[in-house]
>>> print(open('final04.tsv').read())   # TSV, C-alpha atoms
chain	number	residue	atom	x	y	z
A	1424	THR	CA	90.84	103.93	104.55
A	1425	ILE	CA	88.34	104.93	101.84
A	1426	GLY	CA	85.99	102.14	102.88
A	1427	ILE	CA	86.06	103.30	106.50
A	1428	ASP	CA	85.39	106.89	105.43
A	1429	ILE	CA	82.39	105.82	103.33
A	1430	TYR	CA	81.04	103.74	106.20
A	1431	GLN	CA	81.38	106.58	108.72
A	1432	TYR	CA	79.85	109.11	106.32
A	1433	THR	CA	76.88	106.81	105.61
A	1434	PHE	CA	76.20	105.28	109.01
A	1435	LYS	CA	77.88	107.81	111.33
A	1436	SER	CA	78.68	106.16	114.68
A	1437	ALA	CA	75.66	103.87	114.71
A	1438	PRO	CA	76.40	100.29	115.78
A	1439	ASN	CA	76.03	97.66	113.09
A	1440	ASN	CA	74.05	95.21	115.28
A	1441	ILE	CA	74.61	92.47	112.68
A	1442	PHE	CA	75.66	89.16	114.18
A	1443	SER	CA	74.71	86.47	111.68
A	1444	SER	CA	77.16	84.81	109.30
A	1445	LEU	CA	77.52	81.69	107.20
A	1446	GLU	CA	80.91	79.97	107.33
A	1447	GLY	CA	82.54	83.28	108.18
A	1448	TYR	CA	80.78	85.27	105.46
A	1449	THR	CA	78.43	88.14	106.26
A	1450	ASP	CA	76.02	90.17	104.13
A	1451	GLY	CA	75.47	93.91	103.94
A	1452	TRP	CA	77.48	97.11	104.04
A	1453	LYS	CA	77.39	97.27	107.83
A	1454	SER	CA	78.56	93.72	108.45
A	1455	PRO	CA	81.95	92.85	109.99
A	1456	HIS	CA	84.58	91.37	107.70
A	1457	GLU	CA	87.60	89.12	108.20
A	1458	ALA	CA	89.58	91.29	105.76
A	1459	GLY	CA	91.33	88.34	104.12
A	1460	LYS	CA	92.40	90.37	101.09
A	1461	PHE	CA	93.95	92.96	103.39
A	1462	TRP	CA	96.20	90.37	105.05
A	1463	TYR	CA	97.18	88.73	101.78
A	1464	ARG	CA	98.70	92.04	100.69
A	1465	PHE	CA	101.47	91.21	103.15
A	1466	PHE	CA	101.41	87.44	103.68
A	1467	PRO	CA	101.89	84.64	101.12
A	1468	LYS	CA	98.93	82.88	99.52
A	1469	THR	CA	100.88	79.67	98.94
A	1470	HIS	CA	100.88	78.72	102.64
A	1471	GLN	CA	99.16	79.97	105.76
A	1472	TYR	CA	101.64	79.27	108.54
A	1473	VAL	CA	104.15	82.10	108.76
A	1474	ASP	CA	107.12	82.05	111.12
A	1475	GLY	CA	108.51	85.40	110.04
A	1476	ASN	CA	111.48	84.17	108.02
A	1477	ASP	CA	109.58	83.97	104.74
A	1478	ILE	CA	108.22	87.52	104.74
A	1479	ASP	CA	109.94	90.37	102.96
A	1480	GLU	CA	111.09	93.06	105.36
A	1481	LYS	CA	109.48	95.74	103.18
A	1482	LYS	CA	106.09	94.05	103.59
A	1483	ILE	CA	106.57	93.85	107.34
A	1484	GLN	CA	107.24	97.58	107.46
A	1485	MET	CA	104.31	98.26	105.14
A	1486	LEU	CA	101.90	96.29	107.36
A	1487	SER	CA	103.11	98.09	110.47
A	1488	LYS	CA	102.75	101.52	108.85
A	1489	THR	CA	99.31	100.69	107.40
A	1490	VAL	CA	97.79	99.60	110.71
A	1491	ASN	CA	99.40	102.48	112.61
A	1492	ARG	CA	98.11	105.02	110.10
A	1493	ILE	CA	94.56	103.69	110.37
A	1494	GLU	CA	94.68	103.82	114.17
A	1495	ASN	CA	96.18	107.30	114.18
A	1496	LYS	CA	93.71	108.65	111.64
A	1497	TYR	CA	90.61	107.43	113.49
A	1498	ARG	CA	92.14	107.57	116.98
A	1499	LYS	CA	90.87	104.11	117.76
A	1500	PRO	CA	92.45	100.67	118.15
A	1501	ILE	CA	91.66	98.05	115.52
A	1502	ILE	CA	90.13	94.67	116.25
A	1503	PHE	CA	90.88	91.92	113.74
A	1504	LYS	CA	89.01	88.63	113.75
A	1505	ASN	CA	90.77	86.44	111.22
A	1506	THR	CA	91.20	82.71	111.82
A	1507	THR	CA	94.28	82.44	109.62
A	1508	ASN	CA	96.08	84.89	111.90
A	1509	SER	CA	96.17	82.04	114.41
A	1510	LEU	CA	99.05	80.75	112.29
A	1511	ARG	CA	100.77	84.14	112.11
A	1512	LEU	CA	101.23	84.88	115.81
A	1513	ARG	CA	105.01	84.82	115.65
A	1514	ILE	CA	105.25	87.50	112.98
A	1515	ILE	CA	102.38	89.46	114.51
A	1516	ASN	CA	104.32	89.52	117.76
A	1517	LYS	CA	107.34	90.84	115.90
A	1518	ILE	CA	105.39	93.62	114.20
A	1519	PHE	CA	102.88	94.39	116.96
A	1520	PRO	CA	104.43	93.33	120.28
A	1521	LYS	CA	101.75	95.21	122.23
A	1522	ALA	CA	98.85	93.48	120.46
A	1523	LEU	CA	96.15	91.99	122.66
A	1524	ILE	CA	95.20	88.40	121.87
A	1525	ILE	CA	91.68	87.11	122.57
A	1526	TRP	CA	91.48	83.37	121.97
A	1527	ILE	CA	87.93	82.05	121.82
A	1528	LYS	CA	88.19	78.30	122.40
A	1529	ARG	CA	85.49	75.99	121.11
A	1530	ASP	CA	84.95	72.31	121.90
A	1531	PRO	CA	87.08	70.32	119.37
A	1532	LEU	CA	84.18	67.97	118.62
A	1533	ASP	CA	81.95	70.90	117.68
A	1534	VAL	CA	84.72	72.29	115.49
A	1535	ALA	CA	85.17	68.92	113.78
A	1536	ILE	CA	81.43	68.62	113.04
A	1537	SER	CA	81.43	72.15	111.63
A	1538	ILE	CA	84.41	71.44	109.35
A	1539	LEU	CA	82.87	68.19	108.10
A	1540	ARG	CA	79.58	69.96	107.36
A	1541	CYS	CA	81.40	72.70	105.44
A	1542	ARG	CA	83.33	70.15	103.39
A	1543	ILE	CA	80.12	68.48	102.31
A	1544	GLN	CA	78.13	71.70	101.75
A	1545	ASN	CA	80.84	73.51	99.81
A	1546	HIS	CA	82.60	70.68	97.99
A	1547	GLY	CA	80.04	67.91	98.01
A	1548	ASP	CA	82.88	65.71	99.21
A	1549	LYS	CA	83.93	65.00	102.80
A	1550	ASN	CA	87.48	64.26	101.59
A	1551	LYS	CA	88.15	67.75	100.18
A	1552	TRP	CA	89.97	70.21	102.40
A	1553	TRP	CA	88.19	73.11	104.07
A	1554	ALA	CA	89.51	76.12	106.02
A	1555	ILE	CA	92.73	76.71	107.92
A	1556	GLU	CA	95.97	74.98	106.86
A	1557	PRO	CA	98.43	74.11	109.66
A	1558	PRO	CA	102.19	73.84	108.96
A	1559	ASN	CA	102.21	70.11	108.15
A	1560	ILE	CA	99.22	70.20	105.82
A	1561	LYS	CA	100.92	68.04	103.16
A	1562	GLU	CA	101.30	65.16	105.60
A	1563	ILE	CA	97.78	65.66	106.99
A	1564	LYS	CA	96.23	65.48	103.53
A	1565	ARG	CA	97.52	61.92	103.15
A	1566	LEU	CA	95.28	60.78	106.02
A	1567	SER	CA	91.62	59.70	105.96
A	1568	PHE	CA	89.05	62.51	106.10
A	1569	ASP	CA	88.31	62.02	109.81
A	1570	GLU	CA	92.01	61.97	110.71
A	1571	GLN	CA	92.55	65.04	108.54
A	1572	ILE	CA	89.95	67.00	110.47
A	1573	SER	CA	91.19	65.90	113.89
A	1574	GLN	CA	94.80	66.73	112.96
A	1575	GLN	CA	93.75	70.04	111.42
A	1576	ILE	CA	92.24	71.06	114.75
A	1577	TYR	CA	95.02	69.59	116.91
A	1578	GLN	CA	97.94	70.99	114.91
A	1579	THR	CA	96.37	74.45	114.65
A	1580	GLU	CA	95.83	74.61	118.40
A	1581	LYS	CA	99.36	73.31	118.93
A	1582	VAL	CA	100.72	76.29	117.00
A	1583	ILE	CA	98.53	78.70	118.95
A	1584	ARG	CA	99.53	77.25	122.33
A	1585	LYS	CA	103.21	77.53	121.46
A	1586	GLU	CA	103.31	80.95	119.83
A	1587	ILE	CA	100.81	82.73	122.03
A	1588	THR	CA	103.43	82.49	124.78
A	1589	LEU	CA	105.49	85.07	122.87
A	1590	PHE	CA	103.07	87.65	124.27
A	1591	PRO	CA	103.04	88.66	127.95
A	1592	ASN	CA	100.28	86.99	129.99
A	1593	LYS	CA	98.58	90.32	130.58
A	1594	GLN	CA	98.04	90.63	126.80
A	1595	ILE	CA	96.28	87.25	126.49
A	1596	LEU	CA	92.66	86.44	127.24
A	1597	ILE	CA	91.10	83.01	126.69
A	1598	ILE	CA	87.32	82.85	126.36
A	1599	ASN	CA	85.24	79.68	126.33
A	1600	TYR	CA	82.89	79.67	123.34
A	1601	LYS	CA	80.05	77.92	125.18
A	1602	ASN	CA	80.28	80.40	128.05
A	1603	LEU	CA	80.16	83.24	125.54
A	1604	CYS	CA	76.98	81.80	124.03
A	1605	SER	CA	75.26	81.04	127.32
A	1606	ASP	CA	76.19	84.22	129.21
A	1607	ILE	CA	77.35	86.85	126.78
A	1608	ASN	CA	77.10	89.69	129.31
A	1609	SER	CA	79.58	88.12	131.72
A	1610	GLU	CA	82.03	87.24	128.96
A	1611	LEU	CA	81.86	90.73	127.45
A	1612	GLN	CA	82.57	92.16	130.88
A	1613	LYS	CA	85.69	89.98	131.04
A	1614	ILE	CA	86.76	91.29	127.65
A	1615	GLU	CA	86.09	94.88	128.69
A	1616	LYS	CA	88.09	94.43	131.90
A	1617	PHE	CA	90.92	92.80	129.95
A	1618	ILE	CA	91.14	95.61	127.41
A	1619	LYS	CA	90.99	98.34	130.04
A	1620	SER	CA	93.65	96.58	132.11
A	1621	ASN	CA	95.97	97.15	129.15
A	1622	ASP	CA	95.33	100.90	129.28
A	1623	ILE	CA	92.98	101.03	126.31
A	1624	LYS	CA	89.88	103.15	126.65
A	1625	ILE	CA	86.63	101.66	125.36
A	1626	ASP	CA	83.03	102.84	125.66
A	1627	LYS	CA	79.75	101.14	124.88
A	1628	ARG	CA	78.02	102.55	121.83
A	1629	GLU	CA	74.55	103.98	122.24
A	1630	ASN	CA	71.70	101.88	120.81
A	1631	SER	CA	73.90	98.81	120.57
A	1632	ILE	CA	72.26	95.47	121.26
A	1633	LEU	CA	73.53	92.05	122.26
A	1634	PRO	CA	72.87	89.03	120.06
A	1635	ASP	CA	71.17	85.85	121.24
A	1636	LEU	CA	73.98	83.30	121.09
A	1637	SER	CA	72.26	80.61	123.10
A	1638	VAL	CA	73.11	77.09	121.92
>>> encode(input="final04.tsv", output="structure tokens")
Amino acid sequence: TIGIDIYQYTFKSAPNNIFSSLEGYTDGWKSPHEAGKFWYRFFPKTHQYVDGNDIDEKKIQMLSKTVNRIENKYRKPIIFKNTTNSLRLRIINKIFPKALIIWIKRDPLDVAISILRCRIQNHGDKNKWWAIEPPNIKEIKRLSFDEQISQQIYQTEKVIRKEITLFPNKQILIINYKNLCSDINSELQKIEKFIKSNDIKIDKRENSILPDLSV
């Protein structure tokens, strides 16, 4: 919690109002973060899909205690935005059965184009893997680059569709990415209503602004 303490001491309760990122990476002290290193304290680095049977019980308890202590200390719920957690829903349900799940769905074609662009920009090779690794990644990697990308998207969503059902319907909200970009106010109102319907109090910060997400 030292990082949170430093942030609060430096910036008080001011909103960050930083909405730009490149391939999930953001710049600056006030920017949001996916907290990948935090999650890898508890989950394996050798594979991303976790069904709960390959995690040490001590680490499960440690993760539960860590998140609960942070929430209790600051008297606020935590929001995590981490793509890899899409493949950890089963164990997350076991540890945090009351967690709220917000699934922002994007057009698969747009996702595929984004992955291909990242492969080329970061590796200089469209055949080299980029981003999330679904359970059958070894088989997928034997395919051509275009089949790899399509299967990467399909198999990841397949896992989400199956394991999200472990949570009660009232704890699940699905948001369309294009709708979020074209009418952010309406979609944020849906999110606010969803969170409040689960008995969580939220308030809008003063001086906060909304980004222009038009596409």
>>> atom_distance(input="final04.tsv", atom1="CA of Leu1445 (chain A)", atom2="CA of Gly1547 (chain A)")
16.8 Å
>>> atom_distance(input="final04.tsv", atom1="CA of Val1582 (chain A)", atom2="CA of Phe1461 (chain A)")
22.6 Å
>>> closest_residue(input="final04.tsv", among="A:Cys1604, A:Ala1535, A:Ile1478, A:Ile1524", to="Ile1502 (chain A)", atoms="all atoms listed in the file")
A:Ile1524
>>> axis_aligned_box(input="final04.tsv", around="region 1589-1605 of chain A", padding_each_side="5 Å", output="AutoDock Vina command-line options")
--center_x 90.4 --center_y 84.3 --center_z 126.7 --size_x 40.2 --size_y 22.7 --size_z 17.7
>>> closest_atom_pairs(input="final04.tsv", of="region 1452-1507 of chain A", to="region 1548-1554 of chain A", cutoff="12 Å", atoms="all atoms listed in the file", output="tab-separated table")
residue	atom	partner	partner_atom	distance
A:Gln1471	CA	A:Ala1554	CA	10.4
A:Asn1505	CA	A:Ala1554	CA	11.6
A:Thr1506	CA	A:Ala1554	CA	8.9
A:Thr1507	CA	A:Ala1554	CA	8.7
>>> atom_distance(input="final04.tsv", atom1="CA of Phe1465 (chain A)", atom2="CA of Lys1482 (chain A)")
5.4 Å
>>> closest_residue(input="final04.tsv", among="A:Gln1594, A:Thr1469, A:Thr1489, A:Ser1605", to="Asn1621 (chain A)", atoms="only C-alpha atoms")
A:Gln1594
>>> closest_residue(input="final04.tsv", among="A:Lys1460, A:Lys1499, A:Arg1542, A:Lys1481", to="Ile1625 (chain A)", atoms="only C-alpha atoms")
A:Lys1499
>>> residues_around(input="final04.tsv", residues="Thr1579 (chain A)", least_positions_apart="3", cutoff="12 Å", atoms="only C-alpha atoms", output="MDAnalysis selection string")
chainID A and resid 1471:1472 1506:1512 1528 1531 1534 1554:1560 1563 1571:1576 1582:1587
>>> residues_around(input="final04.tsv", residues="Asp1428 (chain A)", least_positions_apart="5", cutoff="12 Å", atoms="all atoms listed in the file", output="ChimeraX atom specification")
/A:1433-1436,1493,1496-1497
>>> closest_residue(input="final04.tsv", among="A:Val1490, A:Ile1632, A:Ile1483, A:Val1473", to="Asn1608 (chain A)", atoms="all atoms listed in the file")
A:Ile1632
>>> closest_residue(input="final04.tsv", among="A:Ala1522, A:Leu1603, A:Ile1527, A:Leu1486", to="Trp1462 (chain A)", atoms="only C-alpha atoms")
A:Leu1486
>>> closest_residue(input="final04.tsv", among="A:Glu1457, A:Asp1474, A:Glu1494, A:Asp1569", to="Ile1536 (chain A)", atoms="only C-alpha atoms")
A:Asp1569
